[in-house]
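Enquirer: Mind having a look at this structure? Questions to follow.
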Amino acid sequence: MKKMNSLHAMLCMVFVVACLHISALGQSAEDRNNLAAIRSNGSSVRWDVSASYSSLTMTVSAPDGRVFRKEFKAGTSPEFTLIDNKGERLPDGQYTYE
């Protein structure tokens, strides 16, 4: 009886490891479908866009409800600074961008 339980447990473990291995193979460290690479430092976020564009509109929503829109011409990298027009730092929290 103990041999059957340990055999069953061993088969379950092999199945779990095989599933994890297959799911890891489906992931890629280098995704060729990315339109932009995101870089950040302490006070700004920059998108290095790999697709060509004539103009780009970036919309960022702050956690306090403010929405920022900015137009960029071709060849310029979109960048969002975490300091507003008055020189004050924007609030911490989750920002969404489009």
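Each chain in the structure tokens gets a letter, A, B and so on, in the order shown; residues start at 1 in every chain, and ligands are counted from 1 in the order they appear.
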Using only C-alpha atoms, which residues sit within 12 Å of segment 91-98 of chain A once same-chain residues fewer than 3 positions away are excluded, as an NGL selection string?
Expert: :A and (38 or 42-43 or 45-47 or 56-70 or 78-84 or 88)
